[in-house]
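S.K.: Okay, handing you the structure first.
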Amino acid sequence: MERRSFLKASAALSCAATVTGCNTSSDKADVVAPQAVVGEEKQTWSSCLVNCGSNCPVKVFSRDGVITRVETDHEVEDVYGMHQVRACARGRSLRQRTYAPDRLKTPMKRIGKRGEGKFKPISWEEATSEIASKMTDIIANYGNKSIYRAYGSGAYYGFASNACFDRLFHLAGGCLNHFGNYSWAQQMEAAKHTFGSGSTSGSSTVTLDKSDFLLGFAYNPSEMRQSGSGEGYDYLKALQRANGLKVTLIDPRYTDSMLGKENGWLAIRPGTDAALAEAIAYEMINSGWVDANSKDFISKNTVGYDAASIQAQKDIFAKSTDAKHLEYAQHMDPTQNYHDYIMSVGAFANNPKRTPEWAGKITGVPADSIRNIAKDLMAAQRPYLIAGAGVNRQANGEQTVRAIYMLGVLAGKLGVEGASNGELPHMTSASRAGIPTGANKVKEKISFFTWTEAIEAGKTMTARTHGITGTDDLDTPLGADIKMIVAAADSTLLNQHAEINNTARILEDDTKCELIVSCDCWMTPGSKFADIILPDTAWLESDDLVNDSYASGALDYLTVMSAAGEPIWDCKSMYQAAAMIAEKIGKGQEFTEGKTEDQWREELYQKTRAVPANAKLEPQLPATYKEAQKIGFFRKNENERFVALDGLINGGKPVGTPSGKIEIYSAELAWRAANWDQKKWKGDTITAIPQYTVTWDGYEDEDTKDDYPLQLAGYHTKGRAHSSYHNVPWLREATEDAVWMNPLDAQKYGITSGDKVEMYNERGSIEIDVRVTPRVAPGVVALGEGAWYQADPQGRTGETGKVIDIGGAINSLTCYRPSPVAKGNPQHTNRVQIRLAQ
Amino acid sequence: MSENIQYCFYIDTTKCTGCKACHVSCKDRQGDIIRKTNDPKTLGVPALNGVTWRRVYEFGGGTWSVDPNKGTFEQDVFAYYTSIGCNHCSEPACLKACPTGAMHKRREDGLVHVATDLCIGCESCSRACPYDAPQIDRERKVMTKCDGCYDRLADGKKPICVEACPMRAIDFDTVENIKAKYGNGDAHPASLPSQSITHPNLIIKANKNANLAGSILNPKEV
């Protein structure tokens, strides 16, 4: 025997004693060596259900109901196409997240002031009775429009999802609903008014392999979509397959989608992408290239490039029998055409010329680089244009996204495999049934972003002022303030909504919103503002049925989840919680329909199984839910190679815009420009064609640039999915939360890596470490979103008098100002100042 | 003969996106080896803060200038990641530095392990290793490190980091098999020390920026 092996063998015998000896100086109860395991190891399938775009399967190992480790899918040989679906770091940390010390253990009732975070434990009976009774009173006093289920994208279950609370509310007579979302609000409007689509009808990621030029604005799949079977993996594989693909990425940060995969990174100042797009357009038009090459494409497929095309469409609308079209005709103005705007002629003769030099000053991108992008775009046969969602979450992100979309139109190569129109890539998913919510009798909807305003002024909000839908006309008010909120698997209640100090001010006053219920697994910053807290079961403790989510690449899949053990503590699922409340308001039978949970799951499984496309899943879906649980994971690949605008370009099929064509000039936006309230603040404007717009807190905002010289860009950190997983120590260690600062700025400020700074503006202050890195543009600081807000326990206030957030939530610094068209969130438009922490 | 086996890692630095799935999945396994976690409901799952058997080094550099008249940027910034556990070196510096013989290289598979009962926690090995492979467990006062997932190898599996990697950037096998699959690899990048120090069993596919001068940009994460 080798000496080492001998020593090791004898070591094993004395190991426990030795280690225990070391243990006396430790303050940790669990610092002991592993003990001999008892009980048989069981393996079950669960899933990561966050809002990153993929819901990866996780394989959970447990003994006697205690989770021992988490692995991922290795059920097939790893051949791309039907490959393994590997979870990222977040999924791999699920054991620590499930057993986190801040797990909510029992229902609780607030005993201090709202937001103070003081609670006492109560029983499920008490909690659900109190919710039921207050909800009944609120509906009686203020109507069904006063109850609202918060956004909630933290647990994408099929069965026991937060839609169970919608089901409850609908049985109670309805609730105020919302449109839009924190991710894509402004690009959805931009795409709707340009392509008649929803902003996710770009060409499939896999078709990048046929492209010769990738031009990405804020396109960052490697950080956004980390799943080992998601968009990020498809992106890597497509780049590897591609032949002669030139990759040009535009971003304030040198992202992980680059790392040598790019041919060029152009650092840009946040919110100025429209100026860059306009200068590229100027080069393409001014050089005569558009006239010589793409004018036929433009004339055939679009409206708005020149005055004649607008006049022609106006004439068509004027002859229509559709009342809306007649109104459009009244507001359409051919002088406001794209060509004249870009060339600064006609109605735009007083505008500065959109030259690369003009754009260089604004964007930071050198004029020669702008000319090179234009050259590459003109030379490309299959240009794949894409605008990542980062450009849409800006003060006037609608304009930015539309301005970028124009480049694909001008290039005139749409409809060819390998080309794309600027929208996010089209994705397939396996279809799965969800808990039915029933019909909502309340027809009015607010923008998802305006709920805080609707607490204070819902009564007066209208379509004209706030884009409310479902009211009779532009000036009929919503007519009710929000008086009750259920926030379930939701962090928008505080942390993820813009301007935390504003949100906290509104929520703290319990005469405004009279009842706040939080249903979650952990004590989140928002839960602290609840009146009643309901502890939800964790994913790994749940039986459910989920699919691959919305940006999970070309591979589709279903996971039939099984609980690894009984829910710990006194937790109940969202279905159980909503069912208890339903019973208390006398709707118990309607809610459950007399079915057991097993019967519900079986029913949803059978509905899922009946979807024809799901017949392709491998292995085949067995006869019953219980059998499917044993297998756990099912995959298929539709091998979709979706080409953006194929129907219009190659099939002559009208798109969903009023004209049926690509609208460079949007008839609907011309109408809204004439009818909607605007100019509440700088840059709050709507125009029929996309226009670079100087906004509040933007790079060119003269009002704030002296006091707050740095632009703050938020980004998706790899250590969280939004706020989900923030409370997991392994992830906090693996991905440092620090604000990125360029070395030139660091030198100016006398700051080095590791320094703690106060970063502030008039809306708030956060305390955070600095990472000096060349990976961010000068004048820009970048912070991963989603860190949990934590007011300084001593109540220290910052430079502008706001309590210092030592948790480092970016939303302490963001601003509540709904965008012009979508009434969406401008959470990347921020100016800040920095000083060394006091 | 089993005595001839030497295992080897393979890292493709053109694929790695620095996602840390390797780092975190390793931690999930590691906890069971160096801590009791039988009662996580009341004790939680140990953070093992600072004890990281697999680390992902973010290496980058480049310089910036801003044209004062035009307001435009010029830069030549680059970055790439290098995921490192232990390279189970042929000439392990840790082993030479260990005063008690706790650090040893297993004859049967070449994996470098620590005999914790012999370890006095002096950290000589961690100071000697140019890859930061030995990670001191300060609470137990013993050295710990990547053990090559010898238990998984016995079950015919690859190490946890390999099977976790979403981008398929890591592999592990015998030196012969790795070389047969990937060739002899590229020169080690600027993010790593010279191979001559310890003769690491690590085959690298080099990032296109592998030769550029730079520095570790994420010291707090590794």
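Labels for the structure tokens follow display order: chains A, B, ..., residues from 1 in each chain, ligands from 1.
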For Val739 (chain A), find every residue with an atom within 6 Å (counting only C-alpha atoms), except residues of its own chain fewer than 6 positions away, and show them as JSON, numbers by chain.

M.R.: {"A": [770, 771, 782, 783]}

S.K.: With a distance cut-off of 12 Å and only C-alpha atoms, select the neighbouring residues of Gly304 (chain A), excluding the residue or stretch itself and same-chain residues fewer than 4 positions from it, and output the selection as a PDB file with N, CA and C atoms, in the first residue's frame.

M.R.:
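Wrote it out as around12.pdb, contents follow:
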```pdb
ATOM      1  N   THR A 194     -45.102  49.257 -35.580  1.00  0.00           N
ATOM      2  CA  THR A 194     -44.205  49.164 -36.744  1.00  0.00           C
ATOM      3  C   THR A 194     -44.527  47.919 -37.576  1.00  0.00           C
ATOM      4  N   ILE A 298     -38.837  49.144 -49.905  1.00  0.00           N
ATOM      5  CA  ILE A 298     -39.495  50.097 -49.006  1.00  0.00           C
ATOM      6  C   ILE A 298     -40.856  50.511 -49.577  1.00  0.00           C
ATOM      7  N   SER A 299     -40.894  50.800 -50.865  1.00  0.00           N
ATOM      8  CA  SER A 299     -42.150  51.246 -51.480  1.00  0.00           C
ATOM      9  C   SER A 299     -43.208  50.152 -51.409  1.00  0.00           C
ATOM     10  N   LYS A 300     -42.774  48.934 -51.614  1.00  0.00           N
ATOM     11  CA  LYS A 300     -43.724  47.819 -51.654  1.00  0.00           C
ATOM     12  C   LYS A 300     -44.278  47.472 -50.272  1.00  0.00           C
ATOM     13  N   ALA A 308     -45.092  60.885 -50.170  1.00  0.00           N
ATOM     14  CA  ALA A 308     -46.056  60.251 -51.072  1.00  0.00           C
ATOM     15  C   ALA A 308     -46.681  59.015 -50.439  1.00  0.00           C
ATOM     16  N   SER A 309     -45.878  58.222 -49.725  1.00  0.00           N
ATOM     17  CA  SER A 309     -46.408  56.993 -49.128  1.00  0.00           C
ATOM     18  C   SER A 309     -47.412  57.311 -48.014  1.00  0.00           C
ATOM     19  N   ILE A 310     -47.161  58.392 -47.303  1.00  0.00           N
ATOM     20  CA  ILE A 310     -48.106  58.773 -46.235  1.00  0.00           C
ATOM     21  C   ILE A 310     -49.402  59.303 -46.862  1.00  0.00           C
ATOM     22  N   GLN A 311     -49.240  60.116 -47.896  1.00  0.00           N
ATOM     23  CA  GLN A 311     -50.423  60.670 -48.578  1.00  0.00           C
ATOM     24  C   GLN A 311     -51.282  59.531 -49.156  1.00  0.00           C
ATOM     25  N   ALA A 312     -50.620  58.544 -49.745  1.00  0.00           N
ATOM     26  CA  ALA A 312     -51.355  57.429 -50.350  1.00  0.00           C
ATOM     27  C   ALA A 312     -52.155  56.668 -49.292  1.00  0.00           C
ATOM     28  N   GLN A 313     -51.523  56.427 -48.134  1.00  0.00           N
ATOM     29  CA  GLN A 313     -52.213  55.698 -47.071  1.00  0.00           C
ATOM     30  C   GLN A 313     -53.335  56.550 -46.476  1.00  0.00           C
ATOM     31  N   LYS A 314     -53.074  57.835 -46.349  1.00  0.00           N
ATOM     32  CA  LYS A 314     -54.080  58.773 -45.837  1.00  0.00           C
ATOM     33  C   LYS A 314     -55.326  58.730 -46.747  1.00  0.00           C
ATOM     34  N   MET A 332     -53.049  62.277 -40.125  1.00  0.00           N
ATOM     35  CA  MET A 332     -51.815  61.930 -40.836  1.00  0.00           C
ATOM     36  C   MET A 332     -51.275  63.131 -41.601  1.00  0.00           C
ATOM     37  N   ASP A 333     -49.968  63.336 -41.470  1.00  0.00           N
ATOM     38  CA  ASP A 333     -49.348  64.535 -42.052  1.00  0.00           C
ATOM     39  C   ASP A 333     -48.133  64.119 -42.884  1.00  0.00           C
ATOM     40  N   PRO A 334     -48.264  64.155 -44.203  1.00  0.00           N
ATOM     41  CA  PRO A 334     -47.169  63.679 -45.067  1.00  0.00           C
ATOM     42  C   PRO A 334     -45.860  64.448 -44.897  1.00  0.00           C
ATOM     43  N   THR A 335     -45.928  65.661 -44.382  1.00  0.00           N
ATOM     44  CA  THR A 335     -44.661  66.397 -44.203  1.00  0.00           C
ATOM     45  C   THR A 335     -43.789  65.739 -43.130  1.00  0.00           C
ATOM     46  N   GLN A 336     -44.421  64.930 -42.257  1.00  0.00           N
ATOM     47  CA  GLN A 336     -43.688  64.308 -41.147  1.00  0.00           C
ATOM     48  C   GLN A 336     -43.133  62.945 -41.584  1.00  0.00           C
ATOM     49  N   ASN A 337     -42.456  62.924 -42.710  1.00  0.00           N
ATOM     50  CA  ASN A 337     -41.978  61.631 -43.213  1.00  0.00           C
ATOM     51  C   ASN A 337     -40.530  61.369 -42.813  1.00  0.00           C
ATOM     52  N   TYR A 338     -40.165  60.092 -42.861  1.00  0.00           N
ATOM     53  CA  TYR A 338     -38.874  59.628 -42.330  1.00  0.00           C
ATOM     54  C   TYR A 338     -37.693  60.175 -43.134  1.00  0.00           C
ATOM     55  N   HIS A 339     -37.812  60.158 -44.441  1.00  0.00           N
ATOM     56  CA  HIS A 339     -36.719  60.655 -45.283  1.00  0.00           C
ATOM     57  C   HIS A 339     -36.383  62.101 -44.929  1.00  0.00           C
ATOM     58  N   ASP A 340     -37.404  62.941 -44.866  1.00  0.00           N
ATOM     59  CA  ASP A 340     -37.157  64.356 -44.594  1.00  0.00           C
ATOM     60  C   ASP A 340     -36.573  64.549 -43.188  1.00  0.00           C
ATOM     61  N   TYR A 341     -37.037  63.717 -42.265  1.00  0.00           N
ATOM     62  CA  TYR A 341     -36.538  63.817 -40.894  1.00  0.00           C
ATOM     63  C   TYR A 341     -35.053  63.463 -40.840  1.00  0.00           C
ATOM     64  N   MET A 406     -35.912  50.652 -37.769  1.00  0.00           N
ATOM     65  CA  MET A 406     -35.829  51.256 -39.099  1.00  0.00           C
ATOM     66  C   MET A 406     -34.645  50.733 -39.914  1.00  0.00           C
ATOM     67  N   VAL A 409     -35.435  47.808 -41.999  1.00  0.00           N
ATOM     68  CA  VAL A 409     -36.314  48.212 -43.095  1.00  0.00           C
ATOM     69  C   VAL A 409     -35.490  48.874 -44.201  1.00  0.00           C
ATOM     70  N   LEU A 410     -34.611  49.785 -43.818  1.00  0.00           N
ATOM     71  CA  LEU A 410     -33.787  50.492 -44.807  1.00  0.00           C
ATOM     72  C   LEU A 410     -32.871  49.534 -45.566  1.00  0.00           C
ATOM     73  N   SER A 659     -52.394  49.791 -41.574  1.00  0.00           N
ATOM     74  CA  SER A 659     -52.240  49.767 -43.041  1.00  0.00           C
ATOM     75  C   SER A 659     -51.978  48.366 -43.576  1.00  0.00           C
ATOM     76  N   LYS A 661     -49.145  47.197 -43.646  1.00  0.00           N
ATOM     77  CA  LYS A 661     -47.740  47.255 -44.056  1.00  0.00           C
ATOM     78  C   LYS A 661     -46.856  47.574 -42.847  1.00  0.00           C
ATOM     79  N   ILE A 662     -45.556  47.505 -43.063  1.00  0.00           N
ATOM     80  CA  ILE A 662     -44.626  47.978 -42.033  1.00  0.00           C
ATOM     81  C   ILE A 662     -44.815  49.490 -41.936  1.00  0.00           C
ATOM     82  N   GLU A 663     -45.102  49.978 -40.733  1.00  0.00           N
ATOM     83  CA  GLU A 663     -45.368  51.411 -40.600  1.00  0.00           C
ATOM     84  C   GLU A 663     -44.162  52.159 -40.031  1.00  0.00           C
ATOM     85  N   ILE A 664     -43.408  52.747 -40.941  1.00  0.00           N
ATOM     86  CA  ILE A 664     -42.366  53.684 -40.511  1.00  0.00           C
ATOM     87  C   ILE A 664     -43.074  54.888 -39.888  1.00  0.00           C
ATOM     88  N   TYR A 665     -44.161  55.256 -40.536  1.00  0.00           N
ATOM     89  CA  TYR A 665     -45.064  56.292 -40.031  1.00  0.00           C
ATOM     90  C   TYR A 665     -46.286  55.580 -39.471  1.00  0.00           C
ATOM     91  N   SER A 666     -46.468  55.641 -38.157  1.00  0.00           N
ATOM     92  CA  SER A 666     -47.561  54.913 -37.527  1.00  0.00           C
ATOM     93  C   SER A 666     -48.819  55.779 -37.478  1.00  0.00           C
ATOM     94  N   ALA A 667     -49.879  55.283 -38.104  1.00  0.00           N
ATOM     95  CA  ALA A 667     -51.147  56.015 -38.089  1.00  0.00           C
ATOM     96  C   ALA A 667     -51.684  56.128 -36.664  1.00  0.00           C
ATOM     97  N   ALA A 670     -49.740  58.690 -34.762  1.00  0.00           N
ATOM     98  CA  ALA A 670     -50.128  60.046 -35.184  1.00  0.00           C
ATOM     99  C   ALA A 670     -51.406  60.454 -34.449  1.00  0.00           C
ATOM    100  N   ALA A 688     -45.231  60.348 -34.926  1.00  0.00           N
ATOM    101  CA  ALA A 688     -45.670  59.286 -35.833  1.00  0.00           C
ATOM    102  C   ALA A 688     -44.493  58.502 -36.407  1.00  0.00           C
ATOM    103  N   ILE A 689     -43.364  59.177 -36.631  1.00  0.00           N
ATOM    104  CA  ILE A 689     -42.153  58.455 -37.042  1.00  0.00           C
ATOM    105  C   ILE A 689     -41.198  58.427 -35.852  1.00  0.00           C
ATOM    106  N   PRO A 690     -40.305  57.427 -35.812  1.00  0.00           N
ATOM    107  CA  PRO A 690     -39.355  57.381 -34.694  1.00  0.00           C
ATOM    108  C   PRO A 690     -38.405  58.573 -34.722  1.00  0.00           C
TER     109      PRO A 690
END
```

S.K.: Taking 4 positions as the minimum chain separation for residues in the same chain, which residues sit within 10 Å of Asp137 (chain B) when counting only C-alpha atoms? Answer as a PyMOL selection string.

M.R.: chain B and resi 34+48-52+121+141-145

S.K.: Once you have the residues from the selection above, write them out as a PDB file, in the first residue's frame, restricted to all heavy atoms.

M.R.:
```pdb
ATOM      1  N   ILE B  34     -17.667  18.389   3.474  1.00  0.00           N
ATOM      2  CA  ILE B  34     -16.952  19.012   4.595  1.00  0.00           C
ATOM      3  C   ILE B  34     -17.866  19.526   5.701  1.00  0.00           C
ATOM      4  O   ILE B  34     -17.418  20.081   6.682  1.00  0.00           O
ATOM      5  CB  ILE B  34     -16.006  20.141   4.119  1.00  0.00           C
ATOM      6  CG1 ILE B  34     -16.765  21.277   3.437  1.00  0.00           C
ATOM      7  CG2 ILE B  34     -14.941  19.569   3.196  1.00  0.00           C
ATOM      8  CD1 ILE B  34     -15.856  22.450   3.084  1.00  0.00           C
ATOM      9  N   LEU B  48     -20.265  28.147   3.463  1.00  0.00           N
ATOM     10  CA  LEU B  48     -18.884  27.803   3.075  1.00  0.00           C
ATOM     11  C   LEU B  48     -18.195  29.001   2.438  1.00  0.00           C
ATOM     12  O   LEU B  48     -17.481  28.872   1.441  1.00  0.00           O
ATOM     13  CB  LEU B  48     -18.875  26.607   2.110  1.00  0.00           C
ATOM     14  CG  LEU B  48     -19.584  25.354   2.604  1.00  0.00           C
ATOM     15  CD1 LEU B  48     -19.677  24.323   1.486  1.00  0.00           C
ATOM     16  CD2 LEU B  48     -18.861  24.757   3.807  1.00  0.00           C
ATOM     17  N   ASN B  49     -18.449  30.152   3.014  1.00  0.00           N
ATOM     18  CA  ASN B  49     -17.935  31.392   2.446  1.00  0.00           C
ATOM     19  C   ASN B  49     -16.414  31.362   2.390  1.00  0.00           C
ATOM     20  O   ASN B  49     -15.745  31.051   3.376  1.00  0.00           O
ATOM     21  CB  ASN B  49     -18.418  32.562   3.307  1.00  0.00           C
ATOM     22  CG  ASN B  49     -18.444  33.844   2.520  1.00  0.00           C
ATOM     23  OD1 ASN B  49     -18.351  33.832   1.288  1.00  0.00           O
ATOM     24  ND2 ASN B  49     -18.546  34.942   3.216  1.00  0.00           N
ATOM     25  N   GLY B  50     -15.887  31.623   1.221  1.00  0.00           N
ATOM     26  CA  GLY B  50     -14.438  31.654   1.059  1.00  0.00           C
ATOM     27  C   GLY B  50     -13.814  30.290   0.837  1.00  0.00           C
ATOM     28  O   GLY B  50     -12.599  30.188   0.691  1.00  0.00           O
ATOM     29  N   VAL B  51     -14.624  29.256   0.848  1.00  0.00           N
ATOM     30  CA  VAL B  51     -14.094  27.912   0.577  1.00  0.00           C
ATOM     31  C   VAL B  51     -14.666  27.469  -0.767  1.00  0.00           C
ATOM     32  O   VAL B  51     -15.781  26.977  -0.857  1.00  0.00           O
ATOM     33  CB  VAL B  51     -14.512  26.905   1.677  1.00  0.00           C
ATOM     34  CG1 VAL B  51     -13.712  25.615   1.544  1.00  0.00           C
ATOM     35  CG2 VAL B  51     -14.338  27.509   3.057  1.00  0.00           C
ATOM     36  N   THR B  52     -13.927  27.718  -1.811  1.00  0.00           N
ATOM     37  CA  THR B  52     -14.469  27.576  -3.160  1.00  0.00           C
ATOM     38  C   THR B  52     -13.565  26.679  -3.987  1.00  0.00           C
ATOM     39  O   THR B  52     -12.499  27.102  -4.432  1.00  0.00           O
ATOM     40  CB  THR B  52     -14.618  28.972  -3.809  1.00  0.00           C
ATOM     41  OG1 THR B  52     -15.439  29.773  -2.945  1.00  0.00           O
ATOM     42  CG2 THR B  52     -15.268  28.878  -5.156  1.00  0.00           C
ATOM     43  N   GLY B 121      -3.430  22.799   9.014  1.00  0.00           N
ATOM     44  CA  GLY B 121      -4.022  24.086   8.625  1.00  0.00           C
ATOM     45  C   GLY B 121      -3.018  25.209   8.499  1.00  0.00           C
ATOM     46  O   GLY B 121      -3.353  26.375   8.719  1.00  0.00           O
ATOM     47  N   LYS B 141     -10.459  24.563  10.496  1.00  0.00           N
ATOM     48  CA  LYS B 141      -9.001  24.704  10.525  1.00  0.00           C
ATOM     49  C   LYS B 141      -8.301  23.569   9.797  1.00  0.00           C
ATOM     50  O   LYS B 141      -7.302  23.033  10.257  1.00  0.00           O
ATOM     51  CB  LYS B 141      -8.480  24.811  11.967  1.00  0.00           C
ATOM     52  CG  LYS B 141      -9.005  26.025  12.726  1.00  0.00           C
ATOM     53  CD  LYS B 141      -8.272  26.199  14.038  1.00  0.00           C
ATOM     54  CE  LYS B 141      -8.669  27.448  14.776  1.00  0.00           C
ATOM     55  NZ  LYS B 141     -10.003  27.397  15.381  1.00  0.00           N
ATOM     56  N   VAL B 142      -8.872  23.196   8.670  1.00  0.00           N
ATOM     57  CA  VAL B 142      -8.195  22.216   7.817  1.00  0.00           C
ATOM     58  C   VAL B 142      -8.245  22.700   6.372  1.00  0.00           C
ATOM     59  O   VAL B 142      -9.129  23.467   5.996  1.00  0.00           O
ATOM     60  CB  VAL B 142      -8.824  20.800   7.866  1.00  0.00           C
ATOM     61  CG1 VAL B 142      -8.594  20.134   9.198  1.00  0.00           C
ATOM     62  CG2 VAL B 142     -10.296  20.842   7.510  1.00  0.00           C
ATOM     63  N   MET B 143      -7.277  22.221   5.613  1.00  0.00           N
ATOM     64  CA  MET B 143      -7.256  22.547   4.206  1.00  0.00           C
ATOM     65  C   MET B 143      -8.248  21.647   3.478  1.00  0.00           C
ATOM     66  O   MET B 143      -8.433  20.476   3.840  1.00  0.00           O
ATOM     67  CB  MET B 143      -5.834  22.348   3.652  1.00  0.00           C
ATOM     68  CG  MET B 143      -5.632  22.920   2.273  1.00  0.00           C
ATOM     69  SD  MET B 143      -6.104  24.664   2.133  1.00  0.00           S
ATOM     70  CE  MET B 143      -4.829  25.460   3.134  1.00  0.00           C
ATOM     71  N   THR B 144      -8.882  22.206   2.470  1.00  0.00           N
ATOM     72  CA  THR B 144      -9.793  21.427   1.630  1.00  0.00           C
ATOM     73  C   THR B 144      -9.461  21.748   0.184  1.00  0.00           C
ATOM     74  O   THR B 144      -8.795  22.734  -0.106  1.00  0.00           O
ATOM     75  CB  THR B 144     -11.265  21.789   1.903  1.00  0.00           C
ATOM     76  OG1 THR B 144     -11.528  23.091   1.380  1.00  0.00           O
ATOM     77  CG2 THR B 144     -11.592  21.754   3.382  1.00  0.00           C
ATOM     78  N   LYS B 145      -9.948  20.948  -0.736  1.00  0.00           N
ATOM     79  CA  LYS B 145      -9.698  21.240  -2.149  1.00  0.00           C
ATOM     80  C   LYS B 145     -10.535  20.342  -3.055  1.00  0.00           C
ATOM     81  O   LYS B 145     -11.132  19.368  -2.585  1.00  0.00           O
ATOM     82  CB  LYS B 145      -8.215  21.096  -2.489  1.00  0.00           C
ATOM     83  CG  LYS B 145      -7.685  19.665  -2.373  1.00  0.00           C
ATOM     84  CD  LYS B 145      -6.228  19.606  -2.722  1.00  0.00           C
ATOM     85  CE  LYS B 145      -5.980  19.826  -4.189  1.00  0.00           C
ATOM     86  NZ  LYS B 145      -6.662  18.854  -5.035  1.00  0.00           N
TER      87      LYS B 145
END
```

S.K.: Using only C-alpha atoms, which residues sit within 7 Å of region 189-204 of chain B once same-chain residues fewer than 5 positions away are excluded, as a VMD selection string?

M.R.: chain B and resid 8 to 12 59 87 to 93 130 184 210 to 213

S.K.: Looking only at the backbone, which of the residues in region 143-236 of chain A does DSSP tag as alpha helix (DSSP H), as a VMD selection string?

M.R.: chain A and resid 163 to 171 185 to 195 221 to 224 231 to 236

S.K.: For chain B, which residue out of A:Arg775, A:Lys616, A:Lys572, A:Arg393 is the nearest one, using only C-alpha atoms?

M.R.: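 Smallest separation from chain B among the options: A:Arg775.
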
S.K.: Could you work out how far CA of Gly388 (chain A) lies from CA of Arg732 (chain A), giving the answer in Å with one decimal?

M.R.: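 Rounded to one decimal, the two atoms are 25.9 Å apart.
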
S.K.: Find the spatial neighbours of region 234-238 of chain A, counting only C-alpha atoms, within a cut-off of 12 Å - ignore same-chain residues fewer than 6 positions away - and output them as a ChimeraX atom specification.

M.R.: /A:79-81,83,85,204-212,214,219-228,244-245,247,256-262,418,425,427,551-555,639,641 /B:14-17,166-169

S.K.: Please, could you write that set of residues out with C-alpha atoms as a tab-separated table (two decimals), in the first residue's frame?

M.R.:
```
chain	number	residue	atom	x	y	z
A	79	VAL	CA	-26.23	15.91	-28.70
A	80	TYR	CA	-27.21	19.45	-29.72
A	81	GLY	CA	-30.78	19.59	-30.93
A	83	HIS	CA	-29.53	18.07	-25.85
A	85	VAL	CA	-31.24	20.97	-20.38
A	204	SER	CA	-35.11	32.39	-34.62
A	205	THR	CA	-31.73	32.54	-32.89
A	206	VAL	CA	-30.70	29.36	-34.70
A	207	THR	CA	-30.97	31.18	-38.06
A	208	LEU	CA	-28.00	33.34	-37.06
A	209	ASP	CA	-25.95	30.58	-38.64
A	210	LYS	CA	-27.10	31.81	-42.07
A	211	SER	CA	-26.46	35.49	-41.38
A	212	ASP	CA	-23.44	37.46	-42.54
A	214	LEU	CA	-25.20	40.51	-36.61
A	219	TYR	CA	-28.29	42.20	-27.24
A	220	ASN	CA	-26.88	40.04	-24.47
A	221	PRO	CA	-28.22	36.48	-24.48
A	222	SER	CA	-25.20	35.06	-22.65
A	223	GLU	CA	-26.09	36.95	-19.47
A	224	MET	CA	-29.86	37.26	-19.93
A	225	ARG	CA	-30.52	33.63	-20.86
A	226	GLN	CA	-28.08	31.44	-18.99
A	227	SER	CA	-29.80	28.10	-19.25
A	228	GLY	CA	-27.75	25.36	-20.83
A	244	GLY	CA	-18.20	34.52	-42.12
A	245	LEU	CA	-20.65	36.09	-39.68
A	247	VAL	CA	-20.67	40.36	-35.03
A	256	ASP	CA	-20.42	38.18	-21.64
A	257	SER	CA	-22.08	37.84	-25.05
A	258	MET	CA	-18.80	39.25	-26.39
A	259	LEU	CA	-15.64	37.75	-24.76
A	260	GLY	CA	-14.00	37.31	-28.14
A	261	LYS	CA	-17.13	36.21	-29.98
A	262	GLU	CA	-17.54	39.75	-31.31
A	418	GLY	CA	-30.39	34.86	-41.66
A	425	PRO	CA	-36.14	36.14	-31.59
A	427	MET	CA	-39.31	31.14	-29.61
A	551	ALA	CA	-37.06	32.44	-24.14
A	552	SER	CA	-35.80	28.91	-23.75
A	553	GLY	CA	-34.25	28.45	-27.16
A	554	ALA	CA	-35.22	25.96	-29.83
A	555	LEU	CA	-35.68	22.98	-27.50
A	639	ASN	CA	-36.64	22.63	-35.41
A	641	ARG	CA	-36.32	28.32	-38.28
B	14	THR	CA	-14.00	30.46	-26.20
B	15	LYS	CA	-17.25	29.06	-24.82
B	16	CYS	CA	-17.19	29.98	-21.14
B	17	THR	CA	-19.49	32.87	-20.25
B	166	PRO	CA	-24.37	25.09	-19.47
B	167	MET	CA	-22.01	25.99	-22.32
B	168	ARG	CA	-20.22	22.60	-22.35
B	169	ALA	CA	-16.90	24.36	-21.81
```

S.K.: Quick one: of B:Ala180, B:Ile216, B:Ala21, B:Val175, who's nearest to chain A, counting only C-alpha atoms?

M.R.: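 So, comparing all the options, the nearest one is B:Ala21.
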
S.K.: Within 7 Å of chain A, which residues belong to chain B? Use only C-alpha atoms and report them as a ChimeraX atom specification.

M.R.: /B:17,19-21,24-25,28-29,32-36,40-41,43-45,47,61-62,70-73,77-80,104,115,117,139-141,164,166-167,207-209,217,220-221

S.K.: Measuring between only C-alpha atoms, which one of A:Gly438, A:Pro356, A:Gly288, A:Pro658 shows the shortest distance to Phe591 (chain A)?

M.R.: A:Gly438
